[in-house]
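*Asks:* Quick one: the structure is below, and I'll ask about it shortly.
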Amino acid sequence: MNVLVDGWVLTQRNLLRLRHEPGTLLTIMLMPTVFVVLFGFVFGSAIGVPGSSNYREYMMPGMFVLGTGTALSSAMVDVAMDQARGVMDRLRSLPTNRVSVPLGQSSAEAVVGVYGLVVLMVYGLIVGWRPHNGLGQTLAGIGLLLLFRYTLAWVGTYLGLAIRSASTAANLAPLTLPLTMVSNAFVPTDGMPVWLRAICEWNPLSALATATRSLFGNPGAPGPDAAWPLTHPVTATLLWIALLLAVFVPLSARRFARAGL
């Protein structure tokens, strides 16, 4: 129970500091505008989706995945900045469980993700995206996106603890964008070269994008020759979540405990 109590206190700490960083919330609100216009109306005019003429219905789940992926870079930069400012050293000196600090960071990212996802969904409704499978499956899709964001925050937390330099973390943050690009988030994989298609279809973000399309009832169902993660996307996404948490939760706790040594 101490872990949960400490984790909740640190979650509040990470959320309360947003009061002093209003630009973060403003960026979360404005950046999707650029991406929705860019992909939906510029690139989308030249991209076809098999079985559908509405590219924006295909695109929006990919946009949700792109927003989810920002948890990795955001957590990495925030933790690296706390390291550089000596905040982590102060927290290590307190009688807190070693898991509680990365838990607080990851939980705060999940809460911020709710705000970001609501903003994206509003933009999606404006440009023509709709969930078609009822409230239950829509909520399941939202829950899967938030759970994956929480998972990626653990990955980012570990990287921030390992990198330690705030400037290095900030320089590496844009490199997380290609992880989304090398997936089926915005482009179907059918026309890709065999080697690139294999990489995209086994990308965890492709499974997440396909799972959300399936749960929301949006176009983009994989063909019969697609890789296993795309033919069983919800199961594959849950397995990726379990694997990443099993690896990065203990790694983050261990790194936090030993980083000051």
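Labels used: A, B, ... for chains in the order of the structure tokens, numbers from 1 for residues in each chain, and numbers from 1 for ligands as shown.
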As a PyMOL selection string, please: every residue in segment 70-254 of chain A that DSSP puts in alpha helix (DSSP H).
*Replies:* chain A and resi 70-85+87-93+100-127+134-163+166-172+177-181+194-201+204-216+228-231+233-254
*Asks:* Restricting the output to C-alpha atoms, write the selected residues as a short mmCIF file (atom, residue, chain, number, x, y, z; two decimals), in the first residue's frame.
*Replies:*
data_model
loop_
_atom_site.label_atom_id
_atom_site.label_comp_id
_atom_site.auth_asym_id
_atom_site.auth_seq_id
_atom_site.Cartn_x
_atom_site.Cartn_y
_atom_site.Cartn_z
CA THR A 70 4.32 10.94 -27.22
CA ALA A 71 4.28 9.49 -23.69
CA LEU A 72 7.67 7.91 -24.35
CA SER A 73 9.42 11.15 -25.28
CA SER A 74 7.52 13.24 -22.71
CA ALA A 75 8.40 10.95 -19.81
CA MET A 76 11.99 10.64 -20.99
CA VAL A 77 12.50 14.41 -21.10
CA ASP A 78 10.70 15.10 -17.80
CA VAL A 79 12.67 12.46 -15.89
CA ALA A 80 15.98 13.56 -17.42
CA MET A 81 15.23 17.16 -16.40
CA ASP A 82 14.44 16.06 -12.84
CA GLN A 83 17.75 14.19 -12.81
CA ALA A 84 19.64 17.27 -13.98
CA ARG A 85 17.94 19.49 -11.37
CA VAL A 87 15.08 16.28 -7.88
CA MET A 88 15.75 12.56 -8.21
CA ASP A 89 18.56 12.74 -5.66
CA ARG A 90 16.19 14.42 -3.22
CA LEU A 91 13.53 11.77 -3.79
CA ARG A 92 16.09 8.99 -3.22
CA SER A 93 16.87 10.50 0.16
CA SER A 100 6.84 4.86 -6.51
CA VAL A 101 8.81 7.52 -8.43
CA PRO A 102 8.56 5.92 -11.88
CA LEU A 103 4.99 4.89 -10.99
CA GLY A 104 4.09 8.52 -10.32
CA GLN A 105 5.63 9.64 -13.61
CA SER A 106 3.84 6.97 -15.63
CA SER A 107 0.49 7.54 -13.94
CA ALA A 108 0.71 11.29 -14.57
CA GLU A 109 1.39 10.61 -18.25
CA ALA A 110 -1.73 8.45 -18.39
CA VAL A 111 -3.83 11.26 -16.89
CA VAL A 112 -2.41 13.81 -19.34
CA GLY A 113 -3.16 11.27 -22.07
CA VAL A 114 -6.89 11.50 -21.25
CA TYR A 115 -6.79 15.23 -22.01
CA GLY A 116 -4.81 14.71 -25.22
CA LEU A 117 -7.09 11.91 -26.41
CA VAL A 118 -10.22 14.00 -25.80
CA VAL A 119 -8.71 16.84 -27.85
CA LEU A 120 -7.87 14.46 -30.71
CA MET A 121 -11.31 12.88 -30.65
CA VAL A 122 -12.96 16.29 -30.89
CA TYR A 123 -10.79 17.10 -33.92
CA GLY A 124 -11.67 13.70 -35.37
CA LEU A 125 -15.40 14.35 -35.00
CA ILE A 126 -14.94 17.71 -36.74
CA VAL A 127 -13.23 16.15 -39.80
CA GLY A 134 -21.32 1.21 -29.80
CA LEU A 135 -20.33 2.59 -26.43
CA GLY A 136 -18.80 -0.61 -25.03
CA GLN A 137 -16.25 -1.17 -27.78
CA THR A 138 -15.54 2.55 -28.02
CA LEU A 139 -14.66 2.63 -24.32
CA ALA A 140 -12.55 -0.51 -24.81
CA GLY A 141 -10.61 1.25 -27.58
CA ILE A 142 -10.06 4.31 -25.40
CA GLY A 143 -8.93 2.11 -22.50
CA LEU A 144 -6.47 0.26 -24.72
CA LEU A 145 -4.94 3.54 -25.93
CA LEU A 146 -4.54 4.87 -22.38
CA LEU A 147 -3.09 1.58 -21.13
CA PHE A 148 -0.55 1.59 -23.94
CA ARG A 149 0.34 5.21 -23.16
CA TYR A 150 0.89 4.24 -19.53
CA THR A 151 3.15 1.41 -20.70
CA LEU A 152 5.21 3.64 -22.99
CA ALA A 153 5.63 6.10 -20.10
CA TRP A 154 7.49 3.35 -18.19
CA VAL A 155 9.79 2.93 -21.20
CA GLY A 156 10.38 6.69 -21.34
CA THR A 157 10.97 6.84 -17.59
CA TYR A 158 13.67 4.21 -17.81
CA LEU A 159 15.32 6.00 -20.74
CA GLY A 160 15.22 9.32 -18.86
CA LEU A 161 16.87 7.70 -15.83
CA ALA A 162 19.49 6.07 -18.06
CA ILE A 163 20.27 9.16 -20.15
CA ALA A 166 18.16 16.85 -20.15
CA SER A 167 19.65 18.24 -23.38
CA THR A 168 20.40 14.76 -24.73
CA ALA A 169 16.86 13.59 -23.91
CA ALA A 170 15.40 16.65 -25.64
CA ASN A 171 17.50 15.97 -28.73
CA LEU A 172 16.42 12.32 -28.79
CA LEU A 177 8.20 9.96 -34.27
CA PRO A 178 9.60 7.45 -36.81
CA LEU A 179 8.30 4.63 -34.59
CA THR A 180 4.81 5.72 -35.59
CA MET A 181 5.72 6.37 -39.20
CA VAL A 194 8.16 -7.37 -48.23
CA TRP A 195 10.94 -6.49 -45.78
CA LEU A 196 9.41 -3.14 -44.82
CA ARG A 197 5.93 -4.62 -44.55
CA ALA A 198 7.23 -7.24 -42.09
CA ILE A 199 8.80 -4.52 -39.91
CA CYS A 200 5.62 -2.43 -39.96
CA GLU A 201 3.29 -5.30 -39.19
CA PRO A 204 3.60 -2.78 -31.60
CA LEU A 205 2.05 0.51 -32.75
CA SER A 206 0.62 -1.24 -35.82
CA ALA A 207 -1.16 -3.73 -33.58
CA LEU A 208 -2.51 -0.85 -31.49
CA ALA A 209 -3.71 1.07 -34.56
CA THR A 210 -5.41 -2.02 -35.99
CA ALA A 211 -6.98 -2.86 -32.62
CA THR A 212 -8.47 0.62 -32.25
CA ARG A 213 -9.79 0.57 -35.83
CA SER A 214 -11.44 -2.76 -35.09
CA LEU A 215 -12.95 -1.57 -31.80
CA PHE A 216 -14.12 1.77 -33.25
CA TRP A 228 -0.37 -12.44 -36.76
CA PRO A 229 -0.33 -9.17 -34.73
CA LEU A 230 -2.67 -7.59 -37.29
CA THR A 231 -5.06 -10.52 -37.57
CA PRO A 233 -4.68 -7.02 -32.92
CA VAL A 234 -6.30 -6.72 -29.48
CA THR A 235 -4.58 -9.86 -28.20
CA ALA A 236 -1.26 -8.75 -29.72
CA THR A 237 -1.54 -5.29 -28.15
CA LEU A 238 -2.25 -6.74 -24.71
CA LEU A 239 0.72 -9.09 -25.08
CA TRP A 240 2.98 -6.18 -26.05
CA ILE A 241 1.75 -4.24 -23.02
CA ALA A 242 2.42 -7.18 -20.70
CA LEU A 243 5.90 -7.73 -22.17
CA LEU A 244 6.95 -4.08 -22.00
CA LEU A 245 5.70 -3.69 -18.43
CA ALA A 246 7.42 -6.92 -17.36
CA VAL A 247 10.70 -5.57 -18.74
CA PHE A 248 10.62 -1.86 -17.93
CA VAL A 249 8.90 -1.73 -14.53
CA PRO A 250 11.74 -3.61 -12.77
CA LEU A 251 14.36 -1.90 -14.94
CA SER A 252 13.02 1.56 -14.03
CA ALA A 253 12.84 0.71 -10.31
CA ARG A 254 16.38 -0.67 -10.33
#
*Asks:* Please provide as a PyMOL selection string all residues within 10 Å of Val36 of chain A, with the sequence filter that same-chain residues fewer than 4 positions apart are discarded (counting only C-alpha atoms).
*Replies:* chain A and resi 31-32+40-42+44+56+59-60+63+120+123-124+127
*Asks:* In terms of the shortest atom-to-atom distance over only C-alpha atoms, which of A:Tyr58, A:Phe64, A:Phe186, A:Phe35 is closest to Trp129 of chain A?
*Replies:*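 Checking each of A:Tyr58, A:Phe64, A:Phe186, A:Phe35 against Trp129 of chain A, counting only C-alpha atoms, the winner is A:Tyr58.
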*Asks:* Distance atom CA of Phe39 of chain A-atom CA of His232 of chain A, one decimal place?
*Replies:*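 So the answer is 26.5 Å.
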